[in-house]
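Pasted below: data_34.tsv, TSV, C-alpha atoms.
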```
chain	number	residue	atom	x	y	z
O	17	MET	CA	0.00	0.00	0.00
O	18	ARG	CA	1.20	3.49	-0.89
O	19	GLN	CA	0.13	6.97	0.22
O	20	CYS	CA	-0.23	10.31	-1.49
O	21	VAL	CA	-1.27	13.86	-0.64
O	22	LEU	CA	-3.46	15.75	-3.10
O	23	THR	CA	-4.14	19.46	-2.79
O	24	SER	CA	-7.61	20.69	-3.71
O	25	SER	CA	-6.48	21.81	-7.18
O	26	ALA	CA	-4.56	18.58	-7.80
O	27	GLY	CA	-7.66	16.62	-6.86
O	28	LYS	CA	-9.76	18.66	-9.29
O	29	ARG	CA	-7.27	17.98	-12.09
O	30	LEU	CA	-7.21	14.27	-11.27
O	31	ILE	CA	-11.01	14.10	-11.36
O	32	GLY	CA	-11.07	15.99	-14.66
O	33	LYS	CA	-8.58	13.63	-16.28
O	34	ALA	CA	-10.45	10.56	-15.10
O	35	ILE	CA	-13.89	11.70	-16.22
O	36	ALA	CA	-12.56	12.56	-19.68
O	37	GLU	CA	-11.40	8.93	-20.01
O	38	LEU	CA	-14.67	7.31	-18.95
O	39	PRO	CA	-16.14	5.06	-21.67
O	40	VAL	CA	-19.56	6.69	-21.31
O	41	ILE	CA	-18.03	10.12	-21.91
O	42	LYS	CA	-16.05	8.97	-24.95
O	43	SER	CA	-19.09	7.34	-26.54
O	44	THR	CA	-21.47	10.23	-25.80
O	45	LEU	CA	-18.90	12.73	-27.02
O	46	CYS	CA	-19.26	11.39	-30.55
O	47	HIS	CA	-22.95	10.54	-30.56
O	48	GLY	CA	-25.03	12.50	-28.08
O	49	THR	CA	-24.88	15.53	-25.83
O	50	ILE	CA	-22.67	16.23	-22.83
O	51	ALA	CA	-23.69	19.22	-20.71
O	52	ILE	CA	-20.97	20.38	-18.32
O	53	VAL	CA	-22.55	22.81	-15.87
O	54	ALA	CA	-20.26	25.62	-14.75
O	55	GLY	CA	-18.37	25.07	-11.50
O	56	THR	CA	-14.76	25.19	-10.35
O	57	THR	CA	-14.20	21.41	-10.38
O	58	ASN	CA	-16.13	21.16	-13.63
O	59	GLY	CA	-13.74	23.70	-15.13
O	60	TYR	CA	-11.03	21.03	-14.99
O	61	VAL	CA	-13.46	18.44	-16.34
O	62	ALA	CA	-14.40	20.71	-19.24
O	63	GLU	CA	-10.74	21.47	-19.96
O	64	GLU	CA	-9.83	17.78	-20.13
O	65	ILE	CA	-12.83	16.84	-22.29
O	66	LEU	CA	-12.31	19.78	-24.64
O	67	LYS	CA	-8.66	18.72	-24.93
O	68	THR	CA	-9.83	15.56	-26.69
O	69	LEU	CA	-11.51	17.83	-29.26
O	70	GLY	CA	-8.50	20.16	-29.59
O	71	GLU	CA	-10.57	23.02	-28.14
O	72	GLU	CA	-9.02	23.49	-24.69
O	73	LYS	CA	-7.11	26.66	-25.61
O	74	ALA	CA	-10.39	28.46	-26.35
O	75	PHE	CA	-11.70	27.69	-22.86
O	76	ASP	CA	-11.04	29.77	-19.72
O	77	ARG	CA	-11.99	28.15	-16.42
O	78	LYS	CA	-11.26	31.26	-14.30
O	79	ARG	CA	-14.88	32.40	-14.66
O	80	PHE	CA	-16.47	29.01	-15.20
O	81	PHE	CA	-18.83	29.17	-12.24
O	82	ARG	CA	-21.98	30.95	-11.11
O	83	GLY	CA	-21.64	30.89	-7.33
O	84	VAL	CA	-18.38	30.33	-5.49
O	85	THR	CA	-17.10	30.25	-1.90
O	86	LEU	CA	-14.35	32.82	-1.35
O	87	PRO	CA	-12.47	34.23	1.66
O	88	PRO	CA	-13.73	37.44	3.34
O	89	GLU	CA	-11.50	39.81	1.36
O	90	TYR	CA	-13.51	39.11	-1.81
O	91	GLU	CA	-16.74	40.97	-2.47
O	92	VAL	CA	-19.52	38.47	-3.16
O	93	THR	CA	-23.27	38.33	-2.74
O	94	GLU	CA	-25.04	36.04	-0.26
O	95	ALA	CA	-25.39	33.49	-3.08
O	96	GLY	CA	-21.64	33.58	-3.77
O	97	ARG	CA	-21.96	35.75	-6.87
O	98	LEU	CA	-19.24	38.18	-7.90
O	99	PRO	CA	-20.28	41.79	-8.65
O	100	ASP	CA	-18.77	41.49	-12.14
O	101	GLU	CA	-19.88	38.37	-14.02
O	102	SER	CA	-19.00	39.66	-17.48
O	103	GLY	CA	-16.38	36.93	-17.89
O	104	PHE	CA	-18.94	34.12	-17.70
O	105	LEU	CA	-19.38	32.62	-21.18
O	106	GLY	CA	-21.90	29.88	-20.42
O	107	ASP	CA	-21.76	26.19	-19.64
O	108	VAL	CA	-19.90	23.76	-21.90
O	109	ILE	CA	-22.40	21.97	-24.13
O	110	ILE	CA	-20.97	19.42	-26.58
O	111	LYS	CA	-23.31	17.87	-29.13
O	112	ASP	CA	-22.09	15.14	-31.49
O	113	GLY	CA	-18.50	16.21	-30.92
O	114	VAL	CA	-19.09	19.93	-31.48
O	115	TRP	CA	-18.80	22.51	-28.70
O	116	GLN	CA	-21.95	24.67	-28.77
O	117	ARG	CA	-20.30	27.86	-27.56
O	118	GLY	CA	-22.32	30.30	-25.48
O	119	LYS	CA	-25.09	27.86	-24.62
O	120	THR	CA	-26.17	26.92	-21.10
O	121	ILE	CA	-27.90	23.94	-19.52
O	122	GLY	CA	-31.11	25.98	-19.68
O	123	ASP	CA	-30.85	26.19	-23.48
O	124	VAL	CA	-30.56	22.43	-24.00
O	125	ALA	CA	-32.22	20.75	-21.01
O	126	ASP	CA	-35.50	20.12	-22.85
O	127	GLU	CA	-33.63	18.45	-25.73
O	128	LEU	CA	-31.62	16.01	-23.62
O	129	GLN	CA	-32.58	12.36	-23.90
O	130	GLU	CA	-31.67	9.03	-22.34
O	131	GLY	CA	-28.04	8.36	-23.22
O	132	ASP	CA	-27.00	11.99	-22.85
O	133	VAL	CA	-24.89	13.13	-19.87
O	134	ILE	CA	-25.06	16.05	-17.47
O	135	ILE	CA	-21.96	16.79	-15.38
O	136	LYS	CA	-22.78	18.91	-12.34
O	137	GLY	CA	-20.59	19.81	-9.38
O	138	ALA	CA	-21.63	19.55	-5.73
O	139	ASN	CA	-20.97	21.37	-2.46
O	140	ALA	CA	-21.55	18.66	0.15
O	141	LEU	CA	-20.47	15.04	0.01
O	142	ASP	CA	-21.46	12.05	2.11
O	143	PRO	CA	-18.78	9.57	1.01
O	144	LEU	CA	-20.07	6.72	3.16
O	145	HIS	CA	-23.42	6.62	1.40
O	146	LYS	CA	-22.06	7.97	-1.92
O	147	ARG	CA	-24.43	10.91	-1.96
O	148	ALA	CA	-23.95	14.58	-2.75
O	149	ALA	CA	-25.91	17.82	-2.45
O	150	VAL	CA	-25.78	21.22	-4.11
O	151	LEU	CA	-26.08	24.66	-2.53
O	152	VAL	CA	-28.92	26.68	-4.05
O	153	GLY	CA	-29.18	30.47	-4.09
O	154	HIS	CA	-31.59	30.98	-6.99
O	155	GLN	CA	-35.28	31.35	-6.15
O	156	GLN	CA	-36.25	28.85	-8.86
O	157	GLY	CA	-33.57	26.36	-7.84
O	158	GLY	CA	-31.00	27.40	-10.45
O	159	THR	CA	-29.20	24.95	-12.72
O	160	THR	CA	-29.83	22.06	-10.32
O	161	THR	CA	-33.58	21.99	-10.81
O	162	ILE	CA	-33.13	22.54	-14.55
O	163	ALA	CA	-30.83	19.52	-14.73
O	164	LEU	CA	-33.09	17.36	-12.58
O	165	GLN	CA	-35.98	17.77	-15.01
O	166	ALA	CA	-33.92	15.89	-17.60
O	167	VAL	CA	-32.44	13.42	-15.10
O	168	VAL	CA	-35.72	12.43	-13.47
O	169	GLY	CA	-38.01	13.03	-16.42
O	170	ARG	CA	-35.96	11.39	-19.18
O	171	ARG	CA	-33.30	9.35	-17.39
O	172	VAL	CA	-30.41	11.50	-18.55
O	173	ARG	CA	-27.23	10.35	-16.78
O	174	LEU	CA	-25.99	12.67	-14.00
O	175	ILE	CA	-22.32	12.59	-12.96
O	176	LEU	CA	-21.27	14.58	-9.88
O	177	PRO	CA	-17.54	15.44	-9.77
O	178	VAL	CA	-16.82	16.44	-6.18
O	179	GLY	CA	-13.59	16.55	-4.19
O	180	LEU	CA	-13.29	14.75	-0.87
O	181	GLU	CA	-12.54	18.11	0.77
O	182	LYS	CA	-16.32	18.70	0.60
O	183	ARG	CA	-17.14	15.73	2.80
O	184	ILE	CA	-19.60	16.28	5.63
O	185	TYR	CA	-21.02	14.05	8.33
O	186	GLY	CA	-24.70	13.72	9.06
O	187	ASN	CA	-27.77	12.99	6.97
O	188	LEU	CA	-27.92	15.15	3.83
O	189	ASP	CA	-31.71	15.07	3.80
O	190	GLU	CA	-31.88	16.27	7.39
O	191	ILE	CA	-29.32	19.01	6.76
O	192	ALA	CA	-31.31	20.13	3.71
O	193	ARG	CA	-34.50	20.19	5.78
O	194	LEU	CA	-32.87	22.47	8.36
O	195	LEU	CA	-31.67	24.91	5.69
O	196	LEU	CA	-35.15	24.98	4.11
O	197	ILE	CA	-37.00	26.03	7.26
O	198	PRO	CA	-39.05	29.18	6.49
O	199	ALA	CA	-37.44	32.43	7.71
O	200	SER	CA	-33.98	30.81	7.64
O	201	LYS	CA	-31.16	32.88	6.13
O	202	GLY	CA	-28.47	31.91	3.66
O	203	LEU	CA	-28.25	29.29	0.95
O	204	ARG	CA	-30.42	26.20	0.68
O	205	LEU	CA	-29.19	22.65	0.08
O	206	LEU	CA	-30.59	20.13	-2.39
O	207	PRO	CA	-29.48	16.44	-2.35
O	208	VAL	CA	-29.28	15.13	-5.91
O	209	PRO	CA	-29.53	11.59	-7.36
O	210	GLY	CA	-26.35	11.19	-9.35
O	211	ALA	CA	-23.13	9.19	-9.49
O	212	ILE	CA	-20.49	10.82	-7.31
O	213	PHE	CA	-16.97	10.93	-8.71
O	214	THR	CA	-14.22	11.80	-6.22
O	215	GLU	CA	-10.45	11.36	-6.21
O	216	ILE	CA	-11.08	7.79	-5.06
O	217	GLU	CA	-13.17	6.95	-8.13
O	218	ALA	CA	-10.64	8.80	-10.28
O	219	LEU	CA	-7.69	6.65	-9.15
O	220	SER	CA	-9.75	3.48	-9.46
O	221	SER	CA	-10.84	4.41	-12.97
O	222	LEU	CA	-7.43	5.52	-14.26
O	223	ALA	CA	-5.13	3.04	-12.52
O	224	GLY	CA	-7.25	0.21	-11.18
O	225	VAL	CA	-6.24	0.73	-7.55
O	226	THR	CA	-8.40	0.76	-4.43
O	227	ALA	CA	-8.03	4.00	-2.48
O	228	GLU	CA	-9.16	5.19	0.93
O	229	LEU	CA	-9.16	8.57	2.65
O	230	VAL	CA	-6.89	8.27	5.69
O	231	ALA	CA	-6.12	11.87	6.72
O	232	ALA	CA	-6.64	15.44	5.60
O	233	GLY	CA	-5.39	19.01	5.95
O	234	GLY	CA	-2.13	20.84	5.72
O	235	VAL	CA	-0.51	24.29	5.60
O	236	CYS	CA	1.43	26.53	3.18
O	237	GLY	CA	-1.02	25.86	0.35
O	238	ALA	CA	-1.98	22.34	1.43
O	239	GLU	CA	-5.04	23.54	3.35
O	240	GLY	CA	-7.97	21.39	2.30
O	241	SER	CA	-5.68	18.65	1.01
O	242	ILE	CA	-6.42	14.95	1.40
O	243	ARG	CA	-4.18	11.99	2.15
O	244	LEU	CA	-5.10	8.77	0.37
O	245	ALA	CA	-3.79	5.26	0.88
O	246	TYR	CA	-4.09	3.13	-2.24
O	247	SER	CA	-3.30	-0.44	-3.15
O	248	GLY	CA	-3.42	-2.79	-6.11
O	249	THR	CA	-1.06	-4.87	-8.18
O	250	GLY	CA	2.49	-3.62	-8.43
O	251	GLU	CA	1.79	-2.40	-11.95
O	252	ALA	CA	-1.41	-0.63	-10.89
O	253	GLU	CA	0.30	1.08	-7.95
O	254	SER	CA	3.14	2.28	-10.18
O	255	LEU	CA	0.65	3.65	-12.71
O	256	ALA	CA	-1.27	5.41	-9.93
O	257	GLU	CA	1.96	6.99	-8.69
O	258	GLN	CA	2.74	8.29	-12.19
O	259	ILE	CA	-0.74	9.77	-12.52
O	260	ILE	CA	-0.51	11.40	-9.09
O	261	GLN	CA	2.85	12.95	-9.96
O	262	SER	CA	1.36	14.33	-13.18
O	263	VAL	CA	-1.18	16.39	-11.20
O	264	ALA	CA	0.75	16.98	-7.96
O	265	PHE	CA	1.99	20.47	-8.85
O	266	GLU	CA	-1.30	21.80	-10.22
O	267	PRO	CA	-1.40	25.53	-9.30
O	268	SER	CA	-4.01	26.74	-6.85
O	269	PHE	CA	-7.25	27.85	-8.44
O	270	THR	CA	-7.54	31.62	-8.78
O	271	ILE	CA	-10.03	34.03	-10.30
O	272	ARG	CA	-7.56	36.94	-10.45
```

Please express the file's structure as structure tokens.
Amino acid sequence: MRQCVLTSSAGKRLIGKAIAELPVIKSTLCHGTIAIVAGTTNGYVAEEILKTLGEEKAFDRKRFFRGVTLPPEYEVTEAGRLPDESGFLGDVIIKDGVWQRGKTIGDVADELQEGDVIIKGANALDPLHKRAAVLVGHQQGGTTTIALQAVVGRRVRLILPVGLEKRIYGNLDEIARLLLIPASKGLRLLPVPGAIFTEIEALSSLAGVTAELVAAGGVCGAEGSIRLAYSGTGEAESLAEQIIQSVAFEPSFTIR
């Protein structure tokens, strides 16, 4: 068994690389629609998928989000919105191998059918029960409720890339209920029925190893990092180590 430490940004890159290599993504990329809803982790996913189309240089993930959690020195609204959102260019919608630039999940949700894929980030993760939930600031439920119409109504596949740094303890449904109490302040929380995809699933998918979260945290830029222990055949462990080294020095995410 070997160990590794992944910073938050390295974990996002690892997840992005792994999702881009999933068989369902490769097949839908050519024949079907993939809707990548804006979010910081999904920025890495979009970058890696667009790389397979030779389009990654035209994509900028610095503004690829709607709401975001930032430290106090940043000016944001209660819903995590920045005062200036002029840099937001839409979600990444790919239909039959062609990037539909400028479109959002709202533009294509009604057209999505079984076999298509929505990729949506999350803000809370229950890794034990493999469930995730999304913070909601929009009065109509935002992109989450738009996506769920296609997921629940037409069985469109929902993949939830989410880093283990977002793990919580407790029942997601109960937490959501507390945040939905009338007269409460702040964001709401909506548990969603999708397939979570963390750094653990990423290493399993790319290298065939079994990984487990064994510790977390750090300083000097390693705040929010995770420590994984992983095991497999000697060949699988060596491949996992190579993959980890390829993402280990991923720069911290920044919007400036």

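When the distance limit is 6 Å and only C-alpha atoms are what count, the residues near Gly55 (chain O), minus those fewer than 3 positions from it on the same chain, are Asn58, Phe80 and Phe81 of chain O.
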
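With only C-alpha atoms as the basis for measurement, O:Leu105 is the residue among O:Ala34, O:Val168, O:Ile52, O:Leu105 that approaches Ala74 (chain O) most closely.
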
**Prompt:** Which of these residues is nearest to Glu215 (chain O), using all atoms listed in the file: O:Ile271, O:Ala231, O:Leu151, O:Leu22?
**Reply:**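 Among the listed residues, the smallest separation from Glu215 (chain O) belongs to O:Leu22.
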
**Item:** Interatomic distance, CA of Val124 (chain O) to CA of Val92 (chain O) (Å, one decimal)
**Value:**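 These atoms are spaced 28.5 Å apart.
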
**Message:** Every residue with an atom at most 12 Å from (-2.1, 24.4, -1.1) (file coordinates; all atoms listed in the file) is what I'm after, so could you write them as a list in words?
**Reply:**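 Final list of nearby residues, as requested, is Val21, Leu22, Thr23, Ser24, Ser25, Ala26, Gly27, Gly233, Gly234, Val235, Cys236, Gly237, Ala238, Glu239, Gly240, Ser241, Ile242, Ala264, Phe265, Glu266, Pro267, Ser268, Phe269 and Thr270 of chain O.
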
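Take the candidates O:Ile50, O:Ile134, O:Val167, O:Ala211 and check each one against Asp112 (chain O) using all atoms listed in the file; the shortest distance goes to O:Ile50.
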
**Request:** Would you mind reading off the distance between CA of Cys20 (chain O) and CA of Gly248 (chain O), one decimal, in Å?
**Result:**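 According to the coordinates, CA of Cys20 (chain O) and CA of Gly248 (chain O) are separated by 14.3 Å.
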